Amino acid sequence: MTESPMIGIIMGSDSDFPVIEPALNILDEFCVKYEVIVSSAHRTPERTEKYTRSAADRGIKVIIAAAGGAAHLPGVVAAMTNLPVIGLPIRSKSFNGLDSLLSIVEMPKGVPVATVGVDNSSNAILLALRILATNNKDLYEKMTTYRSKMEDAVITRDNHIQEQIKKRK
Ligand code: RP5
């Protein structure tokens, strides 16, 4: 396990947590420490600013920012830090996440937010790990193993399909 958290996960509401929680297993698998906080760009702007401005000094290397609806949190965070920010759009009730996605992905030039698919917390975490792995041999090797296991799983699923196809003939 890394000594201090390297990935900071900030979410606009505790209602976002059920989307994020299952993907935290990936961080455990890679033995990477993380921190998770609830802070909103709109409801707690000062708290969001304090968290973001102190992140790099505390050893955070990548921030994942999750928000839904008028999802300004990732952009606001990216405006206040040099750290890479990954935006995770959360599925919303009114527009099924399209509002969240567009709010996060359509950033003005100069303030990038790397945006993953709606509710795709696994990809947000895997992208954060890939960024860390560019400078960390151990994580790079773990990523190779992760990808190789994924490949094996696809082959196994294909074998099952091939058996079903054979039975039909
Ligand atoms: C956003 O508004 C949050 O990120 C959440 O996805 C959405 C709804 O928040 P709650 O009303 O559930 O607190 O700021």
# chains A, B, ... in the order shown; residues from 1 in each chain; ligands from 1
$ residues_near_ligand --ligand "ligand 1" --cutoff "7 Å" --atoms "only C-alpha atoms and all ligand atoms" --output "ChimeraX atom specification"
/A:11-16,40,66-71,90,92
$ write_last_selection --atoms "all heavy atoms" --output "PDB file, in the first residue's frame"
ATOM      1  N   MET A  11     -16.589  14.389  -4.525  1.00  0.00           N
ATOM      2  CA  MET A  11     -17.913  14.217  -5.150  1.00  0.00           C
ATOM      3  C   MET A  11     -18.857  15.284  -4.628  1.00  0.00           C
ATOM      4  O   MET A  11     -18.768  15.703  -3.466  1.00  0.00           O
ATOM      5  CB  MET A  11     -18.455  12.810  -4.900  1.00  0.00           C
ATOM      6  CG  MET A  11     -18.430  12.375  -3.468  1.00  0.00           C
ATOM      7  SD  MET A  11     -18.686  10.600  -3.324  1.00  0.00           S
ATOM      8  CE  MET A  11     -18.638  10.472  -1.542  1.00  0.00           C
ATOM      9  N   GLY A  12     -19.771  15.689  -5.505  1.00  0.00           N
ATOM     10  CA  GLY A  12     -20.656  16.810  -5.180  1.00  0.00           C
ATOM     11  C   GLY A  12     -21.663  16.506  -4.098  1.00  0.00           C
ATOM     12  O   GLY A  12     -22.169  17.417  -3.437  1.00  0.00           O
ATOM     13  N   SER A  13     -21.960  15.206  -3.905  1.00  0.00           N
ATOM     14  CA  SER A  13     -22.964  14.821  -2.907  1.00  0.00           C
ATOM     15  C   SER A  13     -22.692  13.396  -2.457  1.00  0.00           C
ATOM     16  O   SER A  13     -22.122  12.598  -3.221  1.00  0.00           O
ATOM     17  CB  SER A  13     -24.357  14.902  -3.535  1.00  0.00           C
ATOM     18  OG  SER A  13     -25.322  14.322  -2.686  1.00  0.00           O
ATOM     19  N   ASP A  14     -23.149  13.069  -1.258  1.00  0.00           N
ATOM     20  CA  ASP A  14     -23.030  11.671  -0.815  1.00  0.00           C
ATOM     21  C   ASP A  14     -23.894  10.761  -1.681  1.00  0.00           C
ATOM     22  O   ASP A  14     -23.661   9.551  -1.732  1.00  0.00           O
ATOM     23  CB  ASP A  14     -23.382  11.531   0.672  1.00  0.00           C
ATOM     24  CG  ASP A  14     -24.820  11.932   0.962  1.00  0.00           C
ATOM     25  OD1 ASP A  14     -25.375  12.772   0.222  1.00  0.00           O
ATOM     26  OD2 ASP A  14     -25.403  11.390   1.921  1.00  0.00           O
ATOM     27  N   SER A  15     -24.875  11.345  -2.402  1.00  0.00           N
ATOM     28  CA  SER A  15     -25.709  10.515  -3.287  1.00  0.00           C
ATOM     29  C   SER A  15     -24.907   9.989  -4.480  1.00  0.00           C
ATOM     30  O   SER A  15     -25.363   9.092  -5.190  1.00  0.00           O
ATOM     31  CB  SER A  15     -26.945  11.289  -3.758  1.00  0.00           C
ATOM     32  OG  SER A  15     -26.570  12.379  -4.574  1.00  0.00           O
ATOM     33  N   ASP A  16     -23.698  10.537  -4.697  1.00  0.00           N
ATOM     34  CA  ASP A  16     -22.822  10.044  -5.778  1.00  0.00           C
ATOM     35  C   ASP A  16     -22.024   8.806  -5.346  1.00  0.00           C
ATOM     36  O   ASP A  16     -21.468   8.099  -6.189  1.00  0.00           O
ATOM     37  CB  ASP A  16     -21.816  11.135  -6.197  1.00  0.00           C
ATOM     38  CG  ASP A  16     -22.493  12.393  -6.713  1.00  0.00           C
ATOM     39  OD1 ASP A  16     -23.574  12.266  -7.334  1.00  0.00           O
ATOM     40  OD2 ASP A  16     -21.960  13.490  -6.483  1.00  0.00           O
ATOM     41  N   SER A  40     -19.175  20.300  -2.639  1.00  0.00           N
ATOM     42  CA  SER A  40     -19.891  20.762  -3.830  1.00  0.00           C
ATOM     43  C   SER A  40     -19.345  22.105  -4.320  1.00  0.00           C
ATOM     44  O   SER A  40     -18.992  22.967  -3.503  1.00  0.00           O
ATOM     45  CB  SER A  40     -21.376  20.885  -3.456  1.00  0.00           C
ATOM     46  OG  SER A  40     -22.051  21.701  -4.366  1.00  0.00           O
ATOM     47  N   ALA A  66     -16.436  13.884  -9.209  1.00  0.00           N
ATOM     48  CA  ALA A  66     -17.706  13.304  -9.660  1.00  0.00           C
ATOM     49  C   ALA A  66     -18.846  14.260  -9.358  1.00  0.00           C
ATOM     50  O   ALA A  66     -18.932  14.797  -8.254  1.00  0.00           O
ATOM     51  CB  ALA A  66     -17.942  11.982  -8.936  1.00  0.00           C
ATOM     52  N   ALA A  67     -19.708  14.462 -10.340  1.00  0.00           N
ATOM     53  CA  ALA A  67     -20.866  15.331 -10.105  1.00  0.00           C
ATOM     54  C   ALA A  67     -21.947  15.051 -11.136  1.00  0.00           C
ATOM     55  O   ALA A  67     -21.679  14.552 -12.229  1.00  0.00           O
ATOM     56  CB  ALA A  67     -20.461  16.807 -10.162  1.00  0.00           C
ATOM     57  N   GLY A  68     -23.173  15.380 -10.761  1.00  0.00           N
ATOM     58  CA  GLY A  68     -24.294  15.171 -11.665  1.00  0.00           C
ATOM     59  C   GLY A  68     -25.100  16.442 -11.859  1.00  0.00           C
ATOM     60  O   GLY A  68     -24.995  17.380 -11.074  1.00  0.00           O
ATOM     61  N   GLY A  69     -25.884  16.471 -12.923  1.00  0.00           N
ATOM     62  CA  GLY A  69     -26.724  17.645 -13.205  1.00  0.00           C
ATOM     63  C   GLY A  69     -25.877  18.790 -13.739  1.00  0.00           C
ATOM     64  O   GLY A  69     -25.123  18.625 -14.705  1.00  0.00           O
ATOM     65  N   ALA A  70     -25.997  19.953 -13.109  1.00  0.00           N
ATOM     66  CA  ALA A  70     -25.140  21.093 -13.472  1.00  0.00           C
ATOM     67  C   ALA A  70     -23.771  20.814 -12.847  1.00  0.00           C
ATOM     68  O   ALA A  70     -23.412  21.368 -11.811  1.00  0.00           O
ATOM     69  CB  ALA A  70     -25.734  22.382 -12.933  1.00  0.00           C
ATOM     70  N   ALA A  71     -23.033  19.943 -13.531  1.00  0.00           N
ATOM     71  CA  ALA A  71     -21.854  19.319 -12.904  1.00  0.00           C
ATOM     72  C   ALA A  71     -20.602  20.185 -13.064  1.00  0.00           C
ATOM     73  O   ALA A  71     -19.697  19.860 -13.829  1.00  0.00           O
ATOM     74  CB  ALA A  71     -21.652  17.928 -13.504  1.00  0.00           C
ATOM     75  N   ILE A  90     -22.156  11.895 -13.287  1.00  0.00           N
ATOM     76  CA  ILE A  90     -23.095  11.010 -12.589  1.00  0.00           C
ATOM     77  C   ILE A  90     -24.462  11.103 -13.272  1.00  0.00           C
ATOM     78  O   ILE A  90     -24.916  12.201 -13.636  1.00  0.00           O
ATOM     79  CB  ILE A  90     -23.221  11.425 -11.098  1.00  0.00           C
ATOM     80  CG1 ILE A  90     -21.843  11.372 -10.398  1.00  0.00           C
ATOM     81  CG2 ILE A  90     -24.251  10.566 -10.370  1.00  0.00           C
ATOM     82  CD1 ILE A  90     -21.235  10.006 -10.207  1.00  0.00           C
ATOM     83  N   SER A  92     -28.087  11.649 -14.013  1.00  0.00           N
ATOM     84  CA  SER A  92     -29.039  12.542 -13.345  1.00  0.00           C
ATOM     85  C   SER A  92     -30.463  12.068 -13.619  1.00  0.00           C
ATOM     86  O   SER A  92     -30.697  11.281 -14.529  1.00  0.00           O
ATOM     87  CB  SER A  92     -28.863  13.952 -13.906  1.00  0.00           C
ATOM     88  OG  SER A  92     -29.035  13.906 -15.311  1.00  0.00           O
TER      89      SER A  92
END
$ residues_around --residues "Ala128 in chain A" --least-positions-apart "6" --cutoff "9 Å" --atoms "only C-alpha atoms" --output "list in words"
Ile7, Lys61, Val62, Ile63, Ile64, Pro84, Val85 and Ile86 of chain A
$ write_last_selection --atoms "N, CA, C and O atoms" --output "compact mmCIF listing (two decimals), in the first residue's frame"
# COMPACT_ATOMS: atom_id res chain seq x y z
N ILE A 7 -4.48 9.50 -4.77
CA ILE A 7 -5.65 9.84 -5.58
C ILE A 7 -6.70 10.49 -4.68
O ILE A 7 -7.04 9.95 -3.62
N LYS A 61 -1.76 13.12 -6.49
CA LYS A 61 -1.20 13.24 -7.85
C LYS A 61 -2.29 13.42 -8.91
O LYS A 61 -2.03 13.97 -9.98
N VAL A 62 -3.47 12.87 -8.64
CA VAL A 62 -4.58 12.96 -9.59
C VAL A 62 -5.87 13.17 -8.78
O VAL A 62 -6.04 12.55 -7.74
N ILE A 63 -6.74 14.03 -9.30
CA ILE A 63 -8.05 14.21 -8.65
C ILE A 63 -9.14 13.68 -9.57
O ILE A 63 -9.16 13.97 -10.77
N ILE A 64 -10.02 12.87 -8.99
CA ILE A 64 -11.23 12.44 -9.69
C ILE A 64 -12.37 13.26 -9.09
O ILE A 64 -12.54 13.28 -7.86
N PRO A 84 -3.71 16.76 -12.72
CA PRO A 84 -4.69 16.27 -13.69
C PRO A 84 -6.02 15.99 -13.01
O PRO A 84 -6.05 15.41 -11.91
N VAL A 85 -7.11 16.40 -13.65
CA VAL A 85 -8.45 16.20 -13.09
C VAL A 85 -9.25 15.31 -14.04
O VAL A 85 -9.31 15.57 -15.24
N ILE A 86 -9.81 14.26 -13.48
CA ILE A 86 -10.68 13.36 -14.26
C ILE A 86 -12.11 13.61 -13.81
O ILE A 86 -12.44 13.52 -12.62
$ atom_distance --atom1 "CA of Glu106 in chain A" --atom2 "CA of Thr48 in chain A"
20.5 Å
$ select_by_dssp --residues "range 9-158 of chain A" --states "helix (DSSP H, G or I)" --output "ChimeraX atom specification"
/A:14-29,45-58,73-79,98-105,121-133,137-158
$ residues_around --residues "range 114-121 of chain A" --least-positions-apart "6" --cutoff "8 Å" --atoms "only C-alpha atoms" --output "list in words"
Val19, Ile20, Ala23, Pro84, Val85, Ile86, Gly87, Leu88, Pro89, Ile90, Arg91, Gly97, Leu98, Ser100, Leu101, Ile104 and Val105 of chain A
$ select_by_dssp --residues "range 87-157 of chain A" --states "strand (DSSP E)" --output "list in words"
Gly87, Leu88, Pro89, Ile90, Ala114 and Thr115 of chain A
$ atom_distance --atom1 "CA of Arg47 in chain A" --atom2 "CA of Ile60 in chain A"
16.7 Å
$ residues_around --residues "range 50-57 of chain A" --least-positions-apart "5" --cutoff "9 Å" --atoms "only C-alpha atoms" --output "list in words"
Gly8, Ile10, Ile37, Ser39, Pro45, Val62, Ile63, Val77, Ala78, Met80, Thr81, Asn82 and Leu83 of chain A
$ atom_distance --atom1 "CA of Leu24 in chain A" --atom2 "CA of Met150 in chain A"
17.4 Å
$ closest_residue --among "A:Ile26, A:Val32, A:Leu139, A:Val76" --to "Ser122 in chain A" --atoms "only C-alpha atoms"
A:Ile26
$ closest_residue --among "A:Ser148, A:Lys169, A:Val154, A:Val38" --to "Phe17 in chain A" --atoms "only C-alpha atoms"
A:Val38
